[in-house]
Amino acid sequence: MAILEVTSLKKIYTTRFGASQVQALSNVSFSVEQGEYVAIMGESGSGKTTLLNILAALDKPTSGEVLLDGKKLSSVKEKEISAFRRNNLGFVFQDFNLLDTFSLQDNIFLPLVLSGKSYSEMDRRLAPIAEKLGITNLLSKYPYEVSGGQKQRAAVARALITSPKLILADEPTGALDSHATDGLLRLFNEINLDGQTILMVTHSTKAASHAGRVLFIKDGEVFHQLYRGNSTNQEMYQKISDTLTLIATGGGEHE
């Protein structure tokens, strides 16, 4: 069953005073099945950030439609959009987006506080997640007291604690060293095996090689896609590298 359906998305930005128009997305269509782990790749300016913002209900398409679990994002009223986002989506960002004046625990609790959950409910939800992510003994610390990898684990915990239908990850390994990157990618694999659907935008071939499917965006369209099948991470890495080279040199056909 498709948890996310994207149909004929187009996004045109009009510059100040309407002097010119920039087409960020021209015709994007794809779906993500329940429990899938999908990576989106593309060169800078290919439209992937615009796409992510539309999927996150932070921007609206010029035309086309996005359905999350069968519900049209365009049908969600403006005043309900924050609650809809909080209840259905989990976010993991490159720069962690943690509040320095909050402990890790309070950062993780924030979406539940905004949803009006009781402390006992928040505590009950956090315990198994913190244990799985290996941050139980760090919960009382503040972001500036922990490493980048530990901050990102706290950000993943905050994304998971609402039991979201979909996790949207924007360059989640971008600010991490190689050791923390390996840890985060193992973690994503584990939570995906637990049934969590993940959609990750990344420049990193290594990060994308852990996904079950990779979509390549070029000139505002889905240019190509790779399925893992029985490929190892190393084999996926090579396939992704070859495809990126093909895109950069202007070869290949749409698929």
# chains A, B, ... in the order shown; residues from 1 in each chain; ligands from 1
>>> residues_around(residues="A:Arg186", least_positions_apart="6", cutoff="10 Å", atoms="only C-alpha atoms", output="list in words")
Ala180, Asn192 and His210 of chain A
>>> write_last_selection(atoms="N, CA, C and O atoms", output="compact mmCIF listing (two decimals), in the first residue's frame")
# COMPACT_ATOMS: atom_id res chain seq x y z
N ALA A 180 30.13 8.83 12.86
CA ALA A 180 28.73 9.15 13.21
C ALA A 180 27.80 8.85 12.04
O ALA A 180 26.66 8.42 12.24
N ASN A 192 13.93 1.22 9.84
CA ASN A 192 13.20 0.82 8.64
C ASN A 192 12.79 -0.64 8.74
O ASN A 192 11.65 -1.01 8.38
N HIS A 210 22.34 2.85 1.22
CA HIS A 210 21.66 2.07 2.26
C HIS A 210 20.15 1.96 2.00
O HIS A 210 19.48 1.16 2.65
>>> select_by_dssp(residues="stretch 131-188 of chain A", states="helix (DSSP H, G or I)", output="PyMOL selection string")
chain A and resi 131-133+136-138+143-145+148-160+178-188
>>> atom_distance(atom1="atom CA of A:Met122", atom2="atom CA of A:Leu110")
9.6 Å
>>> closest_residue(among="A:Phe30, A:Phe17, A:Phe84, A:Phe109", to="A:Leu199", atoms="only C-alpha atoms")
A:Phe30
>>> atom_distance(atom1="atom CA of A:Leu68", atom2="atom CA of A:Leu55")
8.7 Å
>>> residues_around(residues="A:Gly174", least_positions_apart="2", cutoff="10 Å", atoms="only C-alpha atoms", output="number ranges by chain")
A: 93-95, 170-172, 176-177, 181, 202-204, 207
>>> closest_residue(among="A:Ile129, A:Ala19, A:Leu104, A:Val28", to="A:Asp194", atoms="only C-alpha atoms")
A:Ile129
>>> residues_around(residues="A:Thr101", least_positions_apart="6", cutoff="12 Å", atoms="only C-alpha atoms", output="VMD selection string")
chain A and resid 107 140 to 145
>>> write_last_selection(atoms="N, CA, C and O atoms", output="CSV table (one decimal), in the first residue's frame")
chain,number,residue,atom,x,y,z
A,107,ASN,N,13.9,18.5,24.1
A,107,ASN,CA,13.9,18.6,22.7
A,107,ASN,C,13.0,17.5,22.0
A,107,ASN,O,12.2,17.8,21.1
A,140,SER,N,19.5,14.1,29.9
A,140,SER,CA,19.5,15.3,30.7
A,140,SER,C,20.6,16.3,30.2
A,140,SER,O,20.6,17.4,30.7
A,141,LYS,N,21.4,15.9,29.3
A,141,LYS,CA,22.4,16.8,28.7
A,141,LYS,C,21.8,17.8,27.7
A,141,LYS,O,20.7,17.6,27.2
A,142,TYR,N,22.5,18.9,27.5
A,142,TYR,CA,22.1,19.9,26.5
A,142,TYR,C,22.8,19.7,25.2
A,142,TYR,O,23.9,19.1,25.2
A,143,PRO,N,22.3,20.1,24.1
A,143,PRO,CA,22.9,19.9,22.8
A,143,PRO,C,24.4,20.3,22.7
A,143,PRO,O,25.2,19.5,22.1
A,144,TYR,N,24.8,21.4,23.4
A,144,TYR,CA,26.2,21.8,23.3
A,144,TYR,C,27.1,20.9,24.1
A,144,TYR,O,28.3,21.0,24.1
A,145,GLU,N,26.5,19.9,24.9
A,145,GLU,CA,27.3,19.0,25.7
A,145,GLU,C,27.6,17.7,25.0
A,145,GLU,O,28.3,16.8,25.6
>>> closest_residue(among="A:Gln23, A:Thr249, A:Ser8, A:Gln105", to="A:Leu126", atoms="only C-alpha atoms")
A:Gln105
>>> residues_around(residues="stretch 218-226 of chain A", least_positions_apart="3", cutoff="9 Å", atoms="only C-alpha atoms", output="short mmCIF file (atom, residue, chain, number, x, y, z; two decimals) with N, CA, C and O atoms, in the first residue's frame")
data_model
loop_
_atom_site.label_atom_id
_atom_site.label_comp_id
_atom_site.auth_asym_id
_atom_site.auth_seq_id
_atom_site.Cartn_x
_atom_site.Cartn_y
_atom_site.Cartn_z
N LEU A 9 3.65 16.80 -10.05
CA LEU A 9 3.97 18.02 -9.31
C LEU A 9 4.73 19.01 -10.19
O LEU A 9 5.70 18.66 -10.86
N LYS A 10 4.26 20.25 -10.16
CA LYS A 10 4.95 21.33 -10.85
C LYS A 10 5.07 22.49 -9.87
O LYS A 10 4.15 22.76 -9.09
N LYS A 11 6.21 23.15 -9.87
CA LYS A 11 6.41 24.32 -9.02
C LYS A 11 7.14 25.40 -9.80
O LYS A 11 8.26 25.19 -10.27
N GLN A 23 11.24 27.57 -13.03
CA GLN A 23 10.53 26.30 -12.85
C GLN A 23 11.41 25.35 -12.06
O GLN A 23 12.40 24.83 -12.56
N ALA A 24 11.05 25.12 -10.78
CA ALA A 24 11.84 24.25 -9.91
C ALA A 24 11.47 22.79 -10.11
O ALA A 24 12.33 21.91 -10.05
N LEU A 25 10.19 22.53 -10.29
CA LEU A 25 9.72 21.17 -10.59
C LEU A 25 8.85 21.24 -11.84
O LEU A 25 8.00 22.12 -11.95
N SER A 26 9.06 20.31 -12.76
CA SER A 26 8.28 20.38 -14.00
C SER A 26 7.23 19.28 -14.12
O SER A 26 6.14 19.51 -14.61
N ASN A 27 7.55 18.08 -13.62
CA ASN A 27 6.55 17.01 -13.70
C ASN A 27 7.04 15.83 -12.88
O ASN A 27 7.59 14.87 -13.42
N VAL A 28 6.82 15.87 -11.59
CA VAL A 28 7.33 14.82 -10.70
C VAL A 28 6.19 13.91 -10.25
O VAL A 28 5.21 14.37 -9.66
N SER A 29 6.35 12.62 -10.53
CA SER A 29 5.37 11.62 -10.08
C SER A 29 6.12 10.40 -9.54
O SER A 29 7.05 9.92 -10.18
N PHE A 30 5.72 9.95 -8.36
CA PHE A 30 6.26 8.71 -7.80
C PHE A 30 5.41 8.35 -6.59
O PHE A 30 4.62 9.16 -6.09
N MET A 41 18.11 11.75 -4.90
CA MET A 41 19.38 12.40 -5.21
C MET A 41 19.23 13.30 -6.42
O MET A 41 18.29 13.16 -7.21
N GLY A 42 20.17 14.21 -6.56
CA GLY A 42 20.16 15.12 -7.71
C GLY A 42 21.16 16.23 -7.48
O GLY A 42 21.52 16.52 -6.33
N GLU A 43 21.62 16.83 -8.56
CA GLU A 43 22.57 17.92 -8.44
C GLU A 43 21.91 19.13 -7.77
O GLU A 43 20.68 19.23 -7.75
N GLY A 45 20.17 22.45 -7.40
CA GLY A 45 19.30 23.12 -8.37
C GLY A 45 18.40 22.18 -9.15
O GLY A 45 17.65 22.60 -10.03
N SER A 46 18.46 20.88 -8.81
CA SER A 46 17.65 19.90 -9.55
C SER A 46 16.19 19.90 -9.12
O SER A 46 15.33 19.36 -9.81
N GLY A 47 15.90 20.51 -7.95
CA GLY A 47 14.51 20.59 -7.49
C GLY A 47 14.21 19.72 -6.28
O GLY A 47 13.09 19.71 -5.78
N LYS A 48 15.23 19.01 -5.76
CA LYS A 48 14.93 18.07 -4.67
C LYS A 48 14.56 18.78 -3.37
O LYS A 48 13.73 18.28 -2.61
N LEU A 51 11.01 19.88 -3.73
CA LEU A 51 10.16 18.69 -3.58
C LEU A 51 9.97 18.35 -2.11
O LEU A 51 8.84 18.12 -1.65
N GLY A 212 16.48 1.29 -0.03
CA GLY A 212 15.97 0.21 -0.86
C GLY A 212 15.71 0.64 -2.29
O GLY A 212 15.66 -0.19 -3.20
N ARG A 213 15.56 1.96 -2.47
CA ARG A 213 15.32 2.51 -3.82
C ARG A 213 15.89 3.92 -3.86
O ARG A 213 15.81 4.65 -2.87
N VAL A 214 16.44 4.30 -4.98
CA VAL A 214 16.99 5.65 -5.15
C VAL A 214 16.33 6.31 -6.35
O VAL A 214 16.34 5.76 -7.46
N LEU A 215 15.75 7.49 -6.12
CA LEU A 215 15.18 8.30 -7.19
C LEU A 215 16.17 9.41 -7.54
O LEU A 215 16.70 10.07 -6.65
N MET A 236 25.27 -1.26 -4.56
CA MET A 236 24.39 -0.09 -4.72
C MET A 236 25.21 1.19 -4.88
O MET A 236 24.90 2.05 -5.71
N LYS A 239 26.43 1.38 -8.41
CA LYS A 239 25.34 1.69 -9.34
C LYS A 239 24.95 3.17 -9.26
O LYS A 239 24.69 3.82 -10.27
N ILE A 240 24.89 3.69 -8.02
CA ILE A 240 24.53 5.10 -7.81
C ILE A 240 25.61 6.00 -8.41
O ILE A 240 25.30 6.98 -9.11
N THR A 243 25.29 6.09 -12.14
CA THR A 243 24.12 6.86 -12.56
C THR A 243 24.38 8.36 -12.42
O THR A 243 24.02 9.15 -13.31
N ILE A 247 24.26 11.17 -15.34
CA ILE A 247 23.46 12.40 -15.27
C ILE A 247 24.34 13.63 -15.50
O ILE A 247 23.99 14.54 -16.25
N GLY A 252 22.19 8.90 -20.90
CA GLY A 252 21.07 8.15 -20.34
C GLY A 252 19.72 8.63 -20.80
O GLY A 252 19.57 9.63 -21.48
N GLU A 253 18.70 7.88 -20.45
CA GLU A 253 17.33 8.20 -20.80
C GLU A 253 16.47 8.19 -19.56
O GLU A 253 16.83 7.63 -18.55
N HIS A 254 15.31 8.79 -19.66
CA HIS A 254 14.36 8.75 -18.54
C HIS A 254 13.92 7.33 -18.30
O HIS A 254 13.79 6.53 -19.23
N GLU A 255 13.69 7.03 -17.03
CA GLU A 255 13.14 5.70 -16.71
C GLU A 255 12.19 5.84 -15.55
O GLU A 255 12.48 6.55 -14.62
#
>>> residues_around(residues="stretch 59-61 of chain A", least_positions_apart="2", cutoff="8 Å", atoms="only C-alpha atoms", output="PyMOL selection string")
chain A and resi 9-12+50+53-54+56-57+63-65+74
>>> atom_distance(atom1="atom CA of A:Leu58", atom2="atom CA of A:Asp100")
23.7 Å
